[in-house]
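What follows is coords_6.txt (compact mmCIF, C-alpha atoms and all ligand atoms).
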# COMPACT_ATOMS: atom_id res chain seq x y z
CA MET Z 20 295.30 58.40 191.21
CA THR Z 21 291.86 57.24 192.27
CA ALA Z 22 289.86 55.26 189.74
CA ILE Z 23 286.53 55.69 191.47
CA ARG Z 24 285.45 58.14 194.13
CA LEU Z 25 282.09 58.35 195.90
CA ASN Z 26 281.30 61.45 197.93
CA ASN Z 27 278.25 61.38 200.18
CA VAL Z 28 276.38 59.20 197.70
CA ARG Z 29 272.70 58.69 198.50
CA LYS Z 30 269.90 56.75 196.89
CA SER Z 31 266.24 56.79 197.78
CA PHE Z 32 263.35 54.95 196.18
CA GLY Z 33 260.45 57.28 196.93
CA THR Z 34 260.71 57.98 200.65
CA PHE Z 35 262.78 54.85 201.29
CA ASP Z 36 266.47 55.70 201.84
CA VAL Z 37 268.57 52.76 200.70
CA ILE Z 38 272.06 54.29 200.42
CA LYS Z 39 272.56 56.86 203.15
CA GLY Z 40 275.72 58.81 202.40
CA VAL Z 41 278.61 56.65 201.21
CA ASP Z 42 282.18 57.98 200.94
CA LEU Z 43 284.62 55.61 199.30
CA GLU Z 44 287.76 55.68 197.15
CA ILE Z 45 288.78 52.76 194.97
CA SER Z 46 292.21 52.64 193.34
CA PRO Z 47 292.92 51.65 189.74
CA SER Z 48 293.45 47.88 189.45
CA GLU Z 49 292.06 47.33 192.93
CA PHE Z 50 289.78 44.36 193.69
CA MET Z 51 287.14 45.82 196.02
CA VAL Z 52 284.51 43.56 197.55
CA PHE Z 53 281.21 44.83 198.99
CA VAL Z 54 279.84 42.55 201.68
CA GLY Z 55 276.89 42.80 204.02
CA PRO Z 56 273.61 41.10 204.79
CA SER Z 57 270.80 40.76 202.32
CA GLY Z 58 268.99 44.05 201.74
CA CYS Z 59 271.81 46.31 203.04
CA GLY Z 60 272.20 48.01 199.63
CA LYS Z 61 275.09 46.17 197.94
CA SER Z 62 273.39 45.73 194.57
CA THR Z 63 271.99 49.24 194.65
CA LEU Z 64 275.44 50.71 195.30
CA LEU Z 65 276.89 48.67 192.44
CA ARG Z 66 274.08 49.77 190.12
CA LEU Z 67 274.73 53.41 191.02
CA ILE Z 68 278.41 52.99 190.12
CA ALA Z 69 277.38 51.25 186.89
CA GLY Z 70 274.93 53.99 185.95
CA LEU Z 71 271.96 51.62 185.94
CA GLU Z 72 270.32 53.79 188.62
CA ASP Z 73 270.46 57.55 189.12
CA ILE Z 74 272.11 58.88 192.25
CA THR Z 75 269.69 60.85 194.46
CA ALA Z 76 272.45 63.01 195.95
CA GLY Z 77 276.24 63.15 196.11
CA THR Z 78 279.02 62.77 193.58
CA LEU Z 79 280.44 59.81 191.72
CA ALA Z 80 283.72 60.38 189.86
CA PHE Z 81 285.85 58.12 187.65
CA ASP Z 82 289.45 59.30 187.32
CA ASP Z 83 288.41 62.61 188.89
CA LYS Z 84 285.70 63.24 186.30
CA VAL Z 85 282.13 63.42 187.57
CA VAL Z 86 280.08 60.70 185.86
CA ASN Z 87 276.71 61.18 187.62
CA SER Z 88 274.87 61.70 184.35
CA LEU Z 89 276.83 59.31 182.08
CA THR Z 90 275.34 56.05 180.76
CA PRO Z 91 276.97 52.69 181.62
CA SER Z 92 278.76 52.47 178.25
CA GLN Z 93 280.03 56.04 178.56
CA ARG Z 94 281.53 55.06 181.91
CA GLY Z 95 283.54 52.18 180.41
CA ILE Z 96 282.07 49.59 182.76
CA ALA Z 97 280.99 45.99 182.21
CA MET Z 98 278.81 44.08 184.61
CA VAL Z 99 278.27 40.40 185.39
CA PHE Z 100 275.10 39.42 187.22
CA GLN Z 101 273.97 36.44 189.24
CA SER Z 102 271.60 35.45 186.44
CA TYR Z 103 273.68 35.22 183.32
CA ALA Z 104 271.43 37.45 181.20
CA LEU Z 105 272.48 35.81 177.93
CA TYR Z 106 270.37 36.09 174.77
CA PRO Z 107 268.80 32.62 174.45
CA HIS Z 108 268.48 32.63 170.64
CA MET Z 109 272.11 33.66 169.97
CA THR Z 110 275.22 31.51 169.91
CA VAL Z 111 277.91 31.96 172.52
CA PHE Z 112 280.02 33.84 169.96
CA ASP Z 113 277.17 36.19 169.08
CA ASN Z 114 276.34 36.73 172.74
CA MET Z 115 279.93 37.77 173.39
CA ALA Z 116 280.16 39.98 170.31
CA PHE Z 117 276.67 41.48 170.54
CA GLY Z 118 276.53 45.25 170.42
CA LEU Z 119 280.30 45.53 170.33
CA LYS Z 120 281.26 48.53 168.26
CA LEU Z 121 284.93 49.14 167.87
CA ALA Z 122 286.56 52.29 166.64
CA LYS Z 123 289.27 50.25 164.96
CA GLY Z 124 289.56 46.82 163.36
CA GLY Z 125 285.91 45.94 162.63
CA THR Z 126 284.81 42.30 162.46
CA GLU Z 127 288.35 40.87 162.43
CA GLU Z 128 289.16 42.66 165.67
CA ILE Z 129 285.86 41.52 167.23
CA LYS Z 130 286.69 37.91 166.28
CA ARG Z 131 290.15 38.26 167.72
CA ARG Z 132 288.84 39.61 171.01
CA VAL Z 133 286.08 37.02 171.37
CA ASN Z 134 288.56 34.21 170.64
CA GLU Z 135 291.05 35.61 173.13
CA ALA Z 136 288.42 35.88 175.89
CA ALA Z 137 287.06 32.41 175.04
CA ASP Z 138 290.56 31.02 175.28
CA MET Z 139 291.16 32.69 178.63
CA LEU Z 140 287.95 31.16 180.02
CA GLN Z 141 288.25 27.80 178.23
CA ILE Z 142 284.97 28.11 176.36
CA THR Z 143 286.37 28.01 172.82
CA ALA Z 144 284.69 24.65 172.16
CA TYR Z 145 281.26 26.15 172.89
CA LEU Z 146 281.35 29.24 170.67
CA ASP Z 147 278.77 27.82 168.22
CA ARG Z 148 276.39 26.57 170.90
CA LEU Z 149 273.27 28.18 172.29
CA PRO Z 150 273.14 29.09 176.00
CA LYS Z 151 270.59 26.33 176.71
CA GLN Z 152 273.19 23.76 175.58
CA LEU Z 153 275.57 24.87 178.34
CA SER Z 154 275.81 24.17 182.06
CA GLY Z 155 275.34 26.97 184.60
CA GLY Z 156 279.09 27.31 185.11
CA GLN Z 157 279.72 27.53 181.36
CA ARG Z 158 277.00 30.15 180.98
CA GLN Z 159 278.52 32.25 183.70
CA ARG Z 160 281.88 32.03 181.92
CA VAL Z 161 280.21 33.28 178.74
CA ALA Z 162 278.77 36.20 180.71
CA ILE Z 163 282.25 36.97 182.08
CA GLY Z 164 283.68 36.59 178.56
CA ARG Z 165 281.15 39.04 177.19
CA ALA Z 166 282.37 41.57 179.73
CA ILE Z 167 286.07 40.91 178.99
CA VAL Z 168 285.57 41.44 175.25
CA ARG Z 169 284.51 45.01 176.00
CA ASP Z 170 287.88 45.67 177.63
CA PRO Z 171 286.26 47.59 180.47
CA LYS Z 172 288.08 50.00 182.76
CA VAL Z 173 285.77 48.89 185.55
CA PHE Z 174 284.47 45.38 185.97
CA LEU Z 175 281.44 44.92 188.23
CA PHE Z 176 280.20 41.60 189.58
CA ASP Z 177 276.95 41.10 191.49
CA GLU Z 178 277.01 37.74 193.29
CA PRO Z 179 278.23 35.99 190.13
CA LEU Z 180 278.70 32.63 191.82
CA SER Z 181 275.52 32.29 193.83
CA ASN Z 182 273.68 30.19 191.23
CA LEU Z 183 276.51 27.67 190.95
CA ASP Z 184 277.01 24.50 192.96
CA ALA Z 185 279.82 24.35 195.51
CA ALA Z 186 282.53 22.82 193.30
CA LEU Z 187 281.86 25.18 190.40
CA ARG Z 188 281.78 28.10 192.79
CA VAL Z 189 285.32 27.40 193.89
CA GLN Z 190 286.54 26.83 190.33
CA THR Z 191 284.91 30.00 188.99
CA ARG Z 192 286.18 31.99 191.97
CA LEU Z 193 289.73 30.92 191.14
CA GLU Z 194 289.15 31.95 187.53
CA ILE Z 195 287.99 35.38 188.60
CA ALA Z 196 291.11 35.76 190.74
CA LYS Z 197 293.27 34.81 187.72
CA LEU Z 198 291.37 37.27 185.59
CA HIS Z 199 292.10 40.03 188.05
CA ALA Z 200 295.80 39.16 187.94
CA LYS Z 201 295.77 39.31 184.12
CA MET Z 202 293.67 42.43 183.67
CA HIS Z 203 296.02 45.06 185.00
CA GLU Z 204 294.56 48.55 185.04
CA THR Z 205 291.06 47.12 185.48
CA THR Z 206 289.21 48.05 188.63
CA MET Z 207 287.02 45.25 189.94
CA ILE Z 208 284.11 45.68 192.30
CA TYR Z 209 282.53 42.50 193.49
CA VAL Z 210 279.37 42.06 195.54
CA THR Z 211 278.86 39.00 197.68
CA HIS Z 212 277.31 37.94 200.96
CA ASP Z 213 279.84 35.09 201.18
CA GLN Z 214 282.69 35.71 203.63
CA VAL Z 215 285.00 33.17 202.00
CA GLU Z 216 284.66 34.83 198.60
CA ALA Z 217 285.28 38.21 200.17
CA MET Z 218 288.34 37.12 202.15
CA THR Z 219 289.96 35.24 199.27
CA LEU Z 220 289.31 37.67 196.40
CA ALA Z 221 289.54 41.12 197.91
CA ASP Z 222 292.40 43.59 198.03
CA ARG Z 223 290.03 45.52 200.30
CA ILE Z 224 286.60 44.75 201.69
CA CYS Z 225 283.88 47.33 202.24
CA VAL Z 226 281.40 46.14 204.86
CA LEU Z 227 277.94 47.65 204.33
CA ARG Z 228 275.21 47.80 206.92
CA ASP Z 229 271.81 49.27 206.28
CA GLY Z 230 272.99 51.66 203.55
CA ILE Z 231 276.14 52.93 205.23
CA VAL Z 232 279.79 51.85 205.17
CA GLU Z 233 280.57 50.15 208.46
CA GLN Z 234 284.28 49.56 207.76
CA VAL Z 235 286.74 49.40 204.85
CA GLY Z 236 290.04 47.58 204.98
CA THR Z 237 292.14 44.69 203.80
CA PRO Z 238 290.87 41.23 204.74
CA LEU Z 239 293.60 41.01 207.38
CA GLU Z 240 292.74 44.42 208.87
CA LEU Z 241 289.09 43.52 209.15
CA TYR Z 242 289.92 40.18 210.63
CA GLU Z 243 292.41 41.49 213.16
CA LYS Z 244 290.84 44.85 213.95
CA PRO Z 245 287.11 44.78 213.36
CA GLN Z 246 285.64 48.12 214.45
CA SER Z 247 282.37 46.61 215.61
CA VAL Z 248 280.78 43.38 216.65
CA PHE Z 249 278.83 43.55 213.38
CA VAL Z 250 282.04 43.48 211.31
CA ALA Z 251 283.56 40.80 213.51
CA GLY Z 252 280.45 38.68 213.10
CA PHE Z 253 280.46 39.16 209.40
CA ILE Z 254 284.13 38.50 208.78
CA GLY Z 255 284.17 35.59 211.19
CA SER Z 256 286.88 37.02 213.44
CA PRO Z 257 286.97 36.38 217.19
CA LYS Z 258 286.01 39.86 218.60
P1 LIG T 301 271.42 43.76 198.64
O1 LIG T 301 271.97 43.65 197.26
O2 LIG T 301 272.43 44.15 199.66
O3 LIG T 301 270.70 42.52 199.07
P2 LIG T 301 269.69 45.76 197.45
O4 LIG T 301 270.61 46.84 197.06
O5 LIG T 301 269.18 44.87 196.40
O6 LIG T 301 270.31 44.92 198.66
O7 LIG T 301 268.41 46.40 198.15
C1 LIG T 301 268.53 47.29 199.25
C2 LIG T 301 267.11 47.72 199.66
O8 LIG T 301 266.57 48.55 198.64
C3 LIG T 301 266.15 46.59 199.86
O9 LIG T 301 265.31 46.88 200.93
C4 LIG T 301 265.38 46.57 198.55
O10 LIG T 301 264.10 46.05 198.73
C5 LIG T 301 265.35 48.04 198.18
N1 LIG T 301 265.27 48.26 196.73
C6 LIG T 301 266.18 47.87 195.81
N2 LIG T 301 265.82 48.25 194.58
C7 LIG T 301 264.64 48.90 194.71
C8 LIG T 301 263.73 49.54 193.81
N3 LIG T 301 263.99 49.60 192.49
N4 LIG T 301 262.62 50.10 194.32
C9 LIG T 301 262.36 50.06 195.64
N5 LIG T 301 263.16 49.49 196.55
C10 LIG T 301 264.28 48.91 196.11
MG MG T 302 271.95 42.11 195.87

Could you express the structure from this file as structure tokens?
Ligand code: ADP
Ligand code: MG
Amino acid sequence: MTAIRLNNVRKSFGTFDVIKGVDLEISPSEFMVFVGPSGCGKSTLLRLIAGLEDITAGTLAFDDKVVNSLTPSQRGIAMVFQSYALYPHMTVFDNMAFGLKLAKGGTEEIKRRVNEAADMLQITAYLDRLPKQLSGGQRQRVAIGRAIVRDPKVFLFDEPLSNLDAALRVQTRLEIAKLHAKMHETTMIYVTHDQVEAMTLADRICVLRDGIVEQVGTPLELYEKPQSVFVAGFIGSPK
């Protein structure tokens, strides 16, 4: 089964074509990384999958159902951005629980889920604090926790580590890898322009160039058999 399928997906802003016909299949529980230089369309492609932007042409399907006109919450996705996008006046707990409506269990179930996510990310001690009382790394963990609490089918990350310093970047990267191992059944799509992040996190890497897919493959495939000098340059392989 394919979790996510893109067929000839296009996106234009006015007369400016940003995504120029992308075909891509992503398996359930796969960790897919989009890489490519700044401005090549990584964030736009992620936002199309999320439903934060409308697709200009083409088809986007989740589990073989077309989702072109569904909202982000109808798609069962959660997204983590480079800027943490936390509500400054709410505690960590309230940030994580905000807007969470559960069919079953009510407040007790919300508490249970927030505590479980906080435990997983080691932020339990900060649940009563405000975002401004946290470091950048802790805030990004809260943002990841807020996504986990929603138990998404698809987890999207847009350069989540780029505001962190080098040591925290490595630590948070390892946490994201652990998260992927724990969250079976969850498809992860991760945008970065950092080759090391791509090579270490990805099951497969999709190299984007100027709104098209240049090559898709495992890190090893891209490293050993880059199809172009562009891919080789990007992945750091010797071609
Ligand atoms: P990346 O994430 O790879 O750096 P983006 O997807 O953010 O690239 O942007 C791709 C191109 O689309 C850029 O040239 C950017 O300026 C343009 N773009 C992105 N969003 C919009 C928008 N809302 N309106 C107009 N142009 C946009
Ligand atoms: Mg971007």

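Proximity ranking of Z:Lys61, Z:Arg160, Z:Arg24, Z:Arg188 relative to Z:Glu44 places Z:Arg24 first, based on all atoms listed in the file.
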
What box, with edges along x, y and z, holds each listed atom of ligand LIG 301 (chain T) when 3 Å is added on every side, and can you state its centre and edge lengths in Å to one decimal, as AutoDock Vina command-line options?
--center_x 267.4 --center_y 46.3 --center_z 196.7 --size_x 16.1 --size_y 13.6 --size_z 14.4

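Proximity to Z:Leu198 was assessed for Z:Ser48, Z:Asn182, Z:Asn27, Z:Ser102 counting all atoms listed in the file; the smallest distance is recorded for Z:Ser48.
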
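Reported to one decimal place, the separation of atom CA of Z:Gln93 from atom CA of Z:Gly230 is 26.3 Å.
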
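Distances here use all atoms listed in the file; by that measure, the residue among Z:Asn87, Z:Ser154, Z:Gln190, Z:Thr211 closest to Z:Glu178 is Z:Thr211.
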
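Among the candidates Z:Ile231, Z:Gln157, Z:Phe117, Z:Asp213, the one nearest to Z:Val28 when counting only C-alpha atoms is Z:Ile231.
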
Mind running chain Z against ligand LIG 301 (chain T) at 10 Å and telling me each contacting residue's nearest atom pair with the distance in Å (one decimal), counting only C-alpha atoms and all ligand atoms, chain and number ascending, as JSON lines?
{"residue": "Z:Lys30", "atom": "CA", "partner": "T:LIG301", "partner_atom": "O8", "distance": 9.0}
{"residue": "Z:Ser31", "atom": "CA", "partner": "T:LIG301", "partner_atom": "N5", "distance": 8.0}
{"residue": "Z:Phe32", "atom": "CA", "partner": "T:LIG301", "partner_atom": "C9", "distance": 5.0}
{"residue": "Z:Gly33", "atom": "CA", "partner": "T:LIG301", "partner_atom": "C9", "distance": 7.6}
{"residue": "Z:Thr34", "atom": "CA", "partner": "T:LIG301", "partner_atom": "C9", "distance": 9.5}
{"residue": "Z:Phe35", "atom": "CA", "partner": "T:LIG301", "partner_atom": "N5", "distance": 7.2}
{"residue": "Z:Asp36", "atom": "CA", "partner": "T:LIG301", "partner_atom": "O8", "distance": 7.8}
{"residue": "Z:Val37", "atom": "CA", "partner": "T:LIG301", "partner_atom": "O8", "distance": 5.1}
{"residue": "Z:Ile38", "atom": "CA", "partner": "T:LIG301", "partner_atom": "C1", "distance": 7.9}
{"residue": "Z:Phe53", "atom": "CA", "partner": "T:LIG301", "partner_atom": "O2", "distance": 8.8}
{"residue": "Z:Val54", "atom": "CA", "partner": "T:LIG301", "partner_atom": "O2", "distance": 7.8}
{"residue": "Z:Gly55", "atom": "CA", "partner": "T:LIG301", "partner_atom": "O2", "distance": 6.4}
{"residue": "Z:Pro56", "atom": "CA", "partner": "T:LIG301", "partner_atom": "O2", "distance": 6.1}
{"residue": "Z:Ser57", "atom": "CA", "partner": "T:LIG301", "partner_atom": "O3", "distance": 3.7}
{"residue": "Z:Gly58", "atom": "CA", "partner": "T:LIG301", "partner_atom": "O6", "distance": 3.5}
{"residue": "Z:Cys59", "atom": "CA", "partner": "T:LIG301", "partner_atom": "O2", "distance": 4.1}
{"residue": "Z:Gly60", "atom": "CA", "partner": "T:LIG301", "partner_atom": "O4", "distance": 3.2}
{"residue": "Z:Lys61", "atom": "CA", "partner": "T:LIG301", "partner_atom": "O2", "distance": 3.8}
{"residue": "Z:Ser62", "atom": "CA", "partner": "T:LIG301", "partner_atom": "O1", "distance": 3.7}
{"residue": "Z:Thr63", "atom": "CA", "partner": "T:LIG301", "partner_atom": "O4", "distance": 3.7}
{"residue": "Z:Leu64", "atom": "CA", "partner": "T:LIG301", "partner_atom": "O4", "distance": 6.4}
{"residue": "Z:Leu65", "atom": "CA", "partner": "T:LIG301", "partner_atom": "O4", "distance": 8.0}
{"residue": "Z:Arg66", "atom": "CA", "partner": "T:LIG301", "partner_atom": "O4", "distance": 8.3}
{"residue": "Z:Leu67", "atom": "CA", "partner": "T:LIG301", "partner_atom": "O4", "distance": 9.8}
{"residue": "Z:Glu72", "atom": "CA", "partner": "T:LIG301", "partner_atom": "N3", "distance": 8.5}
{"residue": "Z:Asp177", "atom": "CA", "partner": "T:LIG301", "partner_atom": "O1", "distance": 8.0}
{"residue": "Z:Glu178", "atom": "CA", "partner": "T:LIG301", "partner_atom": "O1", "distance": 8.7}
{"residue": "Z:Val210", "atom": "CA", "partner": "T:LIG301", "partner_atom": "O1", "distance": 7.8}
{"residue": "Z:Thr211", "atom": "CA", "partner": "T:LIG301", "partner_atom": "O1", "distance": 8.3}
{"residue": "Z:His212", "atom": "CA", "partner": "T:LIG301", "partner_atom": "O2", "distance": 8.0}
{"residue": "Z:Leu227", "atom": "CA", "partner": "T:LIG301", "partner_atom": "O2", "distance": 8.0}
{"residue": "Z:Arg228", "atom": "CA", "partner": "T:LIG301", "partner_atom": "O2", "distance": 8.6}
{"residue": "Z:Asp229", "atom": "CA", "partner": "T:LIG301", "partner_atom": "C1", "distance": 8.0}
{"residue": "Z:Gly230", "atom": "CA", "partner": "T:LIG301", "partner_atom": "C1", "distance": 7.6}

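You can rank Z:Ala200, Z:Met115, Z:Ile195, Z:Ala69 by their closest distance to Z:Thr90 using only C-alpha atoms, and at the top of that list sits Z:Ala69.
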
Could you give me, as a CSV table (one decimal) with C-alpha atoms, keeping the file's coordinate frame, the residues within 12 Å of Z:Ala22, counting only C-alpha atoms and dropping anything in the same chain fewer than 2 positions from it?
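For reference, selection09.csv as written:
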chain,number,residue,atom,x,y,z
Z,20,MET,CA,295.3,58.4,191.2
Z,24,ARG,CA,285.4,58.1,194.1
Z,25,LEU,CA,282.1,58.4,195.9
Z,43,LEU,CA,284.6,55.6,199.3
Z,44,GLU,CA,287.8,55.7,197.2
Z,45,ILE,CA,288.8,52.8,195.0
Z,46,SER,CA,292.2,52.6,193.3
Z,47,PRO,CA,292.9,51.6,189.7
Z,48,SER,CA,293.4,47.9,189.4
Z,49,GLU,CA,292.1,47.3,192.9
Z,50,PHE,CA,289.8,44.4,193.7
Z,51,MET,CA,287.1,45.8,196.0
Z,68,ILE,CA,278.4,53.0,190.1
Z,79,LEU,CA,280.4,59.8,191.7
Z,80,ALA,CA,283.7,60.4,189.9
Z,81,PHE,CA,285.8,58.1,187.6
Z,82,ASP,CA,289.4,59.3,187.3
Z,83,ASP,CA,288.4,62.6,188.9
Z,84,LYS,CA,285.7,63.2,186.3
Z,85,VAL,CA,282.1,63.4,187.6
Z,86,VAL,CA,280.1,60.7,185.9
Z,94,ARG,CA,281.5,55.1,181.9
Z,95,GLY,CA,283.5,52.2,180.4
Z,96,ILE,CA,282.1,49.6,182.8
Z,172,LYS,CA,288.1,50.0,182.8
Z,173,VAL,CA,285.8,48.9,185.6
Z,174,PHE,CA,284.5,45.4,186.0
Z,204,GLU,CA,294.6,48.6,185.0
Z,205,THR,CA,291.1,47.1,185.5
Z,206,THR,CA,289.2,48.0,188.6
Z,207,MET,CA,287.0,45.2,189.9
Z,208,ILE,CA,284.1,45.7,192.3

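For the pair atom CA of Z:Arg148 and atom CA of Z:Thr110, the separation is 5.2 Å.
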
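Minimum atom-to-atom distances from Z:Met139, Z:Cys225, Z:Tyr242, Z:Phe100 to ligand MG 302 (chain T) were compared using only C-alpha atoms and all ligand atoms, and the lowest value belongs to Z:Phe100.
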
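Of note, atom CA of Z:Pro91 and atom MG of ligand MG 302 (chain T) are spaced 18.4 Å apart.
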